[in-house]
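Trainee: Structure file coords01.txt (compact mmCIF, C-alpha atoms and all ligand atoms) is given on the next line.
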```
# COMPACT_ATOMS: atom_id res chain seq x y z
CA MET A 244 -5.29 7.18 -19.53
CA ALA A 245 -4.83 4.85 -22.51
CA GLU A 246 -4.94 1.17 -21.66
CA HIS A 247 -1.87 -0.84 -22.62
CA LEU A 248 -2.14 -4.61 -22.89
CA ARG A 249 0.64 -7.20 -22.57
CA GLU A 250 0.94 -10.08 -25.01
CA ASP A 251 -1.05 -12.29 -22.64
CA GLY A 252 -3.88 -9.75 -22.61
CA ALA A 253 -3.17 -8.49 -19.06
CA ARG A 254 -2.82 -4.79 -18.42
CA TRP A 255 0.68 -3.28 -18.27
CA VAL A 256 1.47 -1.30 -15.18
CA ASN A 257 4.64 0.77 -14.91
CA PHE A 258 6.40 1.40 -11.63
CA TYR A 259 8.23 4.75 -11.54
CA GLY A 260 9.66 4.74 -8.01
CA ARG A 261 13.06 3.60 -6.70
CA ARG A 262 13.71 -0.08 -6.09
CA ARG A 263 17.12 0.27 -4.47
CA GLY A 264 19.01 2.88 -2.48
CA LYS A 265 22.33 2.63 -0.65
CA ARG A 266 24.09 -0.73 -0.52
CA LEU A 267 22.50 -2.80 2.25
CA ARG A 268 24.45 -3.50 5.44
CA PRO A 269 25.39 -7.19 5.68
CA ASN A 270 22.82 -8.02 8.38
CA ARG A 271 20.03 -6.40 6.34
CA ALA A 272 21.16 -8.12 3.14
CA ALA A 273 21.09 -11.40 5.09
CA LEU A 274 17.51 -10.73 6.17
CA ILE A 275 16.47 -10.13 2.56
CA ASP A 276 18.19 -13.34 1.45
CA GLY A 277 17.03 -15.46 4.35
CA ARG A 278 13.54 -14.23 5.21
CA LEU A 279 11.91 -12.45 2.32
CA SER A 280 10.96 -15.32 0.03
CA GLY A 281 9.27 -17.21 2.89
CA LEU A 282 7.20 -14.14 3.75
CA ALA A 283 5.90 -13.59 0.21
CA PRO A 284 2.12 -14.00 0.14
CA ASP A 285 2.44 -16.21 -2.95
CA ALA A 286 5.29 -18.35 -1.54
CA GLY A 287 4.86 -21.95 -2.62
CA LEU A 288 2.00 -21.21 -5.00
CA GLU A 289 2.06 -22.50 -8.54
CA GLU A 290 2.40 -19.88 -11.26
CA GLY A 291 -0.99 -18.28 -11.83
CA ALA A 292 -2.58 -19.73 -8.66
CA MET A 293 -4.67 -17.48 -6.41
CA ILE A 294 -3.69 -16.61 -2.87
CA ALA A 295 -6.09 -18.06 -0.28
CA PRO A 296 -6.23 -15.59 2.65
CA GLU A 297 -7.54 -18.28 5.08
CA ALA A 298 -4.54 -20.46 4.28
CA LEU A 299 -2.15 -17.53 4.57
CA PHE A 300 -3.51 -16.39 7.93
CA PRO A 301 -5.41 -19.27 9.54
CA GLY A 302 -7.85 -18.13 12.23
CA ARG A 303 -7.37 -14.39 11.55
CA ARG A 304 -10.61 -12.42 11.31
CA ALA A 305 -9.62 -10.17 8.39
CA LEU A 306 -6.93 -9.30 5.87
CA TRP A 307 -5.63 -5.72 5.74
CA MET A 308 -3.12 -4.32 3.30
CA GLU A 309 -0.65 -1.45 3.31
CA ILE A 310 0.55 -0.13 -0.04
CA GLY A 311 3.98 1.52 0.02
CA PHE A 312 4.90 0.90 3.66
CA GLY A 313 8.32 2.58 3.33
CA ALA A 314 10.43 1.38 6.27
CA GLY A 315 7.31 -0.21 7.77
CA GLU A 316 6.92 1.55 11.13
CA HIS A 317 3.16 1.96 10.65
CA LEU A 318 2.70 -1.63 9.48
CA LEU A 319 4.65 -3.05 12.44
CA SER A 320 2.69 -0.98 14.90
CA LEU A 321 -0.64 -1.96 13.38
CA ALA A 322 0.23 -5.65 13.20
CA ALA A 323 1.22 -5.58 16.87
CA ALA A 324 -2.01 -3.81 17.84
CA HIS A 325 -4.23 -6.16 15.77
CA ARG A 326 -2.91 -9.67 16.26
CA ASP A 327 -6.24 -11.08 15.11
CA VAL A 328 -5.78 -9.55 11.63
CA GLY A 329 -3.47 -10.78 8.86
CA PHE A 330 -1.49 -8.07 7.03
CA ILE A 331 0.09 -7.89 3.62
CA GLY A 332 2.55 -5.06 3.22
CA CYS A 333 3.61 -4.02 -0.28
CA GLU A 334 6.83 -2.12 -0.91
CA PRO A 335 9.12 -2.31 -3.96
CA PHE A 336 11.98 -0.28 -2.36
CA LEU A 337 14.34 -2.97 -1.08
CA ASN A 338 16.06 -0.81 1.54
CA GLY A 339 12.68 -0.08 3.11
CA VAL A 340 11.79 -3.77 3.04
CA ALA A 341 15.09 -4.61 4.76
CA ALA A 342 14.41 -2.05 7.51
CA PHE A 343 10.95 -3.51 7.95
CA LEU A 344 12.29 -7.09 8.20
CA SER A 345 14.68 -6.00 10.90
CA GLY A 346 11.72 -4.59 12.90
CA LEU A 347 9.69 -7.73 12.25
CA GLU A 348 12.47 -9.89 13.73
CA ALA A 349 12.60 -7.70 16.82
CA ASP A 350 8.81 -7.67 17.35
CA ARG A 351 8.31 -11.39 16.63
CA LEU A 352 5.08 -10.85 14.70
CA ASP A 353 3.58 -13.77 12.81
CA ASN A 354 0.63 -11.99 11.19
CA VAL A 355 2.47 -10.12 8.40
CA ARG A 356 3.46 -11.10 4.88
CA VAL A 357 5.55 -8.97 2.56
CA HIS A 358 5.06 -8.40 -1.13
CA ALA A 359 8.35 -6.72 -2.02
CA ASP A 360 7.08 -5.34 -5.29
CA ASP A 361 4.51 -3.10 -6.89
CA ALA A 362 1.21 -3.63 -5.05
CA ARG A 363 -0.66 -3.86 -8.32
CA PHE A 364 0.99 -7.18 -9.16
CA LEU A 365 -0.76 -8.63 -6.13
CA PHE A 366 -4.26 -7.44 -6.91
CA ASP A 367 -5.13 -10.11 -9.46
CA MET A 368 -3.74 -12.86 -7.20
CA LEU A 369 -6.29 -12.16 -4.47
CA PRO A 370 -9.88 -13.37 -4.52
CA GLU A 371 -12.80 -10.99 -4.83
CA SER A 372 -13.73 -9.22 -1.56
CA ALA A 373 -10.64 -10.63 0.21
CA VAL A 374 -9.37 -7.38 1.73
CA GLY A 375 -11.03 -5.62 4.66
CA ARG A 376 -8.90 -2.48 4.77
CA VAL A 377 -6.26 -0.78 2.63
CA TYR A 378 -3.79 1.88 3.77
CA LEU A 379 -2.07 4.20 1.31
CA LEU A 380 0.04 6.57 3.39
CA TYR A 381 1.94 9.48 1.93
CA PRO A 382 1.97 8.12 -1.62
CA ASP A 383 4.60 9.55 -3.95
CA PRO A 384 3.17 12.96 -4.95
CA TRP A 385 4.52 13.24 -8.51
CA PRO A 386 4.04 17.03 -8.42
CA LYS A 387 4.91 17.81 -12.05
CA ARG A 388 1.77 18.06 -14.12
CA ARG A 389 3.07 15.68 -16.81
CA HIS A 390 3.81 13.07 -14.14
CA ALA A 391 0.36 13.24 -12.56
CA PRO A 392 -0.79 9.97 -14.26
CA ARG A 393 1.87 8.20 -12.15
CA ARG A 394 -0.01 8.95 -8.95
CA PHE A 395 -1.22 5.77 -7.32
CA VAL A 396 -4.71 7.16 -6.90
CA ASN A 397 -6.07 6.91 -10.41
CA ASP A 398 -8.98 5.13 -12.02
CA ASP A 399 -6.88 2.38 -13.59
CA ASN A 400 -5.41 1.38 -10.20
CA LEU A 401 -8.73 1.72 -8.38
CA ASP A 402 -10.37 -0.49 -11.01
CA LEU A 403 -7.85 -3.20 -10.07
CA LEU A 404 -8.09 -2.65 -6.31
CA SER A 405 -11.83 -2.26 -5.95
CA PRO A 406 -12.90 -5.87 -6.74
CA ILE A 407 -10.62 -7.37 -4.08
CA MET A 408 -12.03 -5.06 -1.38
CA ALA A 409 -14.93 -6.40 0.66
CA ARG A 410 -18.24 -4.58 0.93
CA GLY A 411 -17.71 -1.78 3.47
CA ALA A 412 -13.91 -2.20 3.39
CA GLU A 413 -12.07 1.05 3.99
CA LEU A 414 -9.45 2.72 1.87
CA ARG A 415 -7.44 5.02 4.14
CA ILE A 416 -5.23 7.65 2.56
CA ALA A 417 -2.94 10.20 4.20
CA THR A 418 -1.04 12.91 2.38
CA ASP A 419 0.74 16.15 3.18
CA VAL A 420 0.59 17.45 -0.39
CA ALA A 421 -2.30 19.88 -0.96
CA ASP A 422 -2.55 19.10 -4.65
CA TYR A 423 -2.66 15.36 -3.93
CA MET A 424 -5.52 15.94 -1.44
CA ARG A 425 -7.51 17.72 -4.15
CA HIS A 426 -6.58 15.01 -6.64
CA VAL A 427 -7.79 12.23 -4.29
CA ARG A 428 -11.08 14.01 -3.61
CA LYS A 429 -11.68 14.55 -7.32
CA VAL A 430 -10.83 10.99 -8.43
CA MET A 431 -12.82 9.41 -5.60
CA ALA A 432 -15.83 11.68 -6.21
CA GLY A 433 -15.99 10.28 -9.73
CA ARG A 434 -16.21 6.66 -8.54
CA ALA A 435 -19.46 4.81 -8.16
CA ASP A 436 -17.78 2.05 -6.11
CA PHE A 437 -16.51 4.16 -3.19
CA GLU A 438 -18.15 6.62 -0.82
CA PRO A 439 -16.38 9.19 1.36
CA LEU A 440 -16.39 8.54 5.11
CA SER A 441 -14.18 11.29 6.51
CA ASP A 442 -11.68 13.97 5.48
CA ASP A 443 -9.88 15.35 8.52
CA ALA A 444 -6.88 17.34 9.68
CA ALA A 445 -6.45 14.91 12.61
CA PRO A 446 -5.50 11.27 12.15
CA TRP A 447 -7.88 8.41 12.85
CA ASP A 448 -7.82 6.48 16.15
CA GLY A 449 -4.82 4.28 16.84
CA TRP A 450 -2.64 6.21 14.39
CA PRO A 451 1.04 5.50 15.08
CA GLY A 452 2.43 7.97 12.52
CA THR A 453 4.82 7.27 9.66
CA ARG A 454 8.34 8.32 8.80
CA TYR A 455 7.14 10.58 5.97
CA GLU A 456 4.54 12.14 8.18
CA ALA A 457 7.18 13.02 10.77
CA LYS A 458 9.21 14.70 8.03
CA ALA A 459 6.17 16.62 6.77
CA LEU A 460 5.34 17.85 10.27
CA ARG A 461 8.97 18.88 10.90
CA GLU A 462 8.87 20.86 7.67
CA GLY A 463 5.61 22.58 8.62
CA ARG A 464 3.20 20.85 6.25
CA ALA A 465 -0.30 19.89 7.40
CA PRO A 466 -1.32 16.33 6.53
CA ARG A 467 -4.84 15.29 5.68
CA TYR A 468 -6.43 11.93 6.52
CA LEU A 469 -9.13 10.61 4.20
CA ARG A 470 -11.29 7.49 4.52
CA PHE A 471 -13.47 5.94 1.85
CA ALA A 472 -15.69 2.86 1.99
CA ARG A 473 -16.09 0.29 -0.74
CA LYS A 474 -19.76 0.46 -1.63
CA PRO A 475 -21.91 -2.68 -1.81
CA ARG A 476 -21.82 -4.24 -5.23
C1 LIG B 1 6.64 8.79 0.05
S1 LIG B 1 6.92 7.11 0.46
C2 LIG B 1 5.95 6.88 1.95
C3 LIG B 1 6.38 5.68 2.75
C4 LIG B 1 5.54 5.40 4.02
N1 LIG B 1 4.17 5.10 3.68
C5 LIG B 1 5.61 6.55 4.98
O1 LIG B 1 4.60 7.26 5.12
O2 LIG B 1 6.66 6.74 5.61
C6 LIG B 1 5.94 6.26 -0.75
C7 LIG B 1 6.28 4.79 -0.85
O3 LIG B 1 5.37 4.16 -1.73
C8 LIG B 1 6.08 3.17 -2.44
N2 LIG B 1 5.32 2.86 -3.67
C9 LIG B 1 5.18 3.66 -4.76
N3 LIG B 1 4.44 3.05 -5.69
C10 LIG B 1 4.08 1.85 -5.18
C11 LIG B 1 3.34 0.76 -5.68
N4 LIG B 1 2.82 0.79 -6.92
N5 LIG B 1 3.19 -0.34 -4.89
C12 LIG B 1 3.72 -0.37 -3.65
N6 LIG B 1 4.44 0.64 -3.12
C13 LIG B 1 4.63 1.73 -3.88
C14 LIG B 1 7.44 3.77 -2.67
O4 LIG B 1 8.43 2.80 -2.93
C15 LIG B 1 7.68 4.51 -1.37
O5 LIG B 1 8.38 3.73 -0.43
```
Would it be possible to restate this file's structure as structure tokens?
Ligand SMILES: C[S@@+](CC[C@H](N)C(=O)[O-])C[C@H]1O[C@@H](n2cnc3c(N)ncnc32)[C@H](O)[C@@H]1O

Mentor:
Amino acid sequence: MAEHLREDGARWVNFYGRRRGKRLRPNRAALIDGRLSGLAPDAGLEEGAMIAPEALFPGRRALWMEIGFGAGEHLLSLAAAHRDVGFIGCEPFLNGVAAFLSGLEADRLDNVRVHADDARFLFDMLPESAVGRVYLLYPDPWPKRRHAPRRFVNDDNLDLLSPIMARGAELRIATDVADYMRHVRKVMAGRADFEPLSDDAAPWDGWPGTRYEAKALREGRAPRYLRFARKPR
């Protein structure tokens, strides 16, 4: 893919998904207004400053990230099961974020921050090797051939993600779209910085499911669960 540079020399990234759906119910709109800015991982940072994971999650043993958490059921379940880990969830679709915030209130979790935007905008705010695990679950499939470059799994995005992943950190991907499975295997096989760990029809341990997965199973599709490790530099 051709590289496009902004005036400041940074790379342009386009987001093609939806940012808004139905009008939010008043209680959800209030959560967005009242809670979201305080949960942003870069809240209070000066423009251009880096996020310090130890300051964001004092005393937590690791930082894990979920890209495109949808309504956040998986993220909530994981954060509850791993209280010793700090989580950053990324999701640009505001209605999903609002649903997630409502769950976060109910579960009273204090180990999650929310980047309500394209995950890629976060990557250059995090220090090298900061992230111990990344989940990308049921990414938008972009099935039309001409839209394939929009798929999140591509070399440009992995070039941005890879440096912030620690040595041995896992990238976990689930998809129910056969062509996306093949696409992931092909892109990842071409990368010197990742090695495959597993490629299974059954989910990994502690898997709580996701909303999209439930839909895929209802509609008779068979998901695939793939794990890759960030290779030592
Ligand atoms: C098909 S949905 C899956 C949602 C959820 N993971 C699930 O399994 O229920 C894909 C999600 O990825 C989000 N997404 C797409 N591109 C993204 C990006 N660049 N950064 C963060 N999230 C993204 C979309 O907004 C959408 O909510």

Trainee: Could you give me, as CSV, a per-residue list for chain A showing, wherever an atom lies at most 6 Å from an atom of ligand LIG 1 (chain B), the closest pair of atoms and their distance in Å to one decimal, using only C-alpha atoms and all ligand atoms and sorting by chain then residue number from low to high?

Mentor:
```
residue,atom,partner,partner_atom,distance
A:Phe258,CA,B:LIG1,N4,5.9
A:Gly260,CA,B:LIG1,O4,5.6
A:Ile310,CA,B:LIG1,C12,4.8
A:Gly311,CA,B:LIG1,N6,3.3
A:Phe312,CA,B:LIG1,N1,4.3
A:Gly313,CA,B:LIG1,C3,3.7
A:Cys333,CA,B:LIG1,C12,5.0
A:Glu334,CA,B:LIG1,N6,4.3
A:Pro335,CA,B:LIG1,O4,5.3
A:Phe336,CA,B:LIG1,O4,4.7
A:Asp361,CA,B:LIG1,N5,3.7
A:Ala362,CA,B:LIG1,N5,3.8
A:Arg363,CA,B:LIG1,N4,6.0
A:Leu380,CA,B:LIG1,N1,4.4
A:Tyr381,CA,B:LIG1,O1,4.7
A:Pro382,CA,B:LIG1,C6,4.5
A:Asp383,CA,B:LIG1,C1,4.6
A:Thr453,CA,B:LIG1,O2,4.5
A:Arg454,CA,B:LIG1,O2,3.9
A:Tyr455,CA,B:LIG1,O2,3.9
A:Glu456,CA,B:LIG1,O1,5.8
```

Trainee: Skip Tyr378 in chain A itself and residues of its chain fewer than 4 positions away, then list as number ranges by chain all residues within 10 Å of it, counting all atoms listed in the file.

Mentor: A: 307-312, 317-318, 332, 413-417, 470

Trainee: Rounded to one decimal place, report the CA of Gly452 in chain A-CA of Tyr259 in chain A distance in Å.

Mentor: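 Value for the CA of Gly452 in chain A-CA of Tyr259 in chain A distance: 25.0 Å.
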
Trainee: Between A:Leu352, A:Ala359, A:Val427, A:Ala286, single out the one closest to Phe395 in chain A, counting all atoms listed in the file.

Mentor: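 Between A:Leu352, A:Ala359, A:Val427, A:Ala286, the residue approaching Phe395 in chain A most closely is A:Val427.
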
Trainee: Using CA of Asn338 in chain A and CA of Val377 in chain A as the two end points, give the distance in Å to one decimal.

Mentor: 22.3 Å

Trainee: Mind pulling up the distance from CA of Leu319 in chain A to CA of Arg464 in chain A?

Mentor: 24.7 Å

Trainee: Find the residues around Leu469 in chain A up to 8 Å (all atoms listed in the file counted), leave out those fewer than 2 positions away in its own chain, and share them as a list of chain:residue names.

Mentor: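 Returned residues: A:Arg415, A:Ile416, A:Ala417, A:Pro439, A:Leu440, A:Ser441, A:Asp442, A:Asp443, A:Arg467, A:Phe471.
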
Trainee: Would you mind telling me which residue in A:Ala305, A:Ala324, A:Arg461, A:Ala295 lies nearest to Asp448 in chain A when using only C-alpha atoms?

Mentor: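 Residue with the minimum atom-to-atom distance to Asp448 in chain A: A:Ala324.
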
Trainee: Taking (-11.4, -5.2, 2.1) as a centre in this file's frame and 6 Å as the limit, can you find every polymer residue with an atom that close, using only C-alpha atoms, and give them as a list in words?

Mentor: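 Looking at atoms near the point gives Ser372, Ala373, Val374, Gly375, Arg376, Met408, Ala409 and Ala412 of chain A.
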
Trainee: Residues of the last selection are to be written out with C-alpha atoms, as a JSON list (two decimals), in the frame of the given file.

Mentor:
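In the end it all went to again.json:
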```json
[["chain", "number", "residue", "atom", "x", "y", "z"],
["A", 372, "SER", "CA", -13.73, -9.22, -1.56],
["A", 373, "ALA", "CA", -10.64, -10.63, 0.21],
["A", 374, "VAL", "CA", -9.37, -7.38, 1.73],
["A", 375, "GLY", "CA", -11.03, -5.62, 4.66],
["A", 376, "ARG", "CA", -8.90, -2.48, 4.77],
["A", 408, "MET", "CA", -12.03, -5.06, -1.38],
["A", 409, "ALA", "CA", -14.93, -6.40, 0.66],
["A", 412, "ALA", "CA", -13.91, -2.20, 3.39]]
```

Trainee: From the options A:Val355, A:Arg303, A:Ala273, A:Gly463, which residue's atoms come nearest to Ser320 in chain A, counting only C-alpha atoms?

Mentor: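 Ranked by minimum distance to Ser320 in chain A, first place goes to A:Val355.
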
Trainee: Find the residues near Arg473 in chain A: any atom within 6 Å, counting all atoms listed in the file, skip ones fewer than 3 places away on the same chain, and give them as a PyMOL selection string.

Mentor: chain A and resi 410-412+436-437

Trainee: Just the residues within 10 Å of Leu344 in chain A, please, counting only C-alpha atoms, with nothing from its chain fewer than 4 positions along; format it as a PyMOL selection string.

Mentor: chain A and resi 271+274-275+278-279+282+314-315+319+338-340+348-350+357

Trainee: Ranking A:Tyr468, A:Tyr423, A:Trp385, A:Phe366 by minimum distance to Pro406 in chain A and counting only C-alpha atoms, which one comes first?

Mentor: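 With only C-alpha atoms as the atom set, the closest residue is A:Phe366.
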
Trainee: Return the single residue from A:Asp402, A:Asp353, A:Glu297, A:Glu438 that is closest to Gly281 in chain A, with distances computed using all atoms listed in the file.

Mentor: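 Smallest distance to Gly281 in chain A is found for A:Asp353.
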
Trainee: So that I can check the surroundings of Asn270 in chain A, please list as a list in words every protein, DNA and RNA residue that reaches within 10 Å of it, counting only C-alpha atoms and ignoring chain neighbours fewer than 5 positions away.

Mentor: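 In the requested format, the answer is Ile275, Asp276, Ala341 and Ser345 of chain A.
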
Trainee: For each of A:Gly433, A:Gly346, A:Pro386, A:Gly264, take the minimum atom-to-atom distance to Ala322 in chain A, counting all atoms listed in the file, then give the residue where this is smallest.

Mentor: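 Of A:Gly433, A:Gly346, A:Pro386, A:Gly264, the one nearest Ala322 in chain A is A:Gly346, counting all atoms listed in the file.
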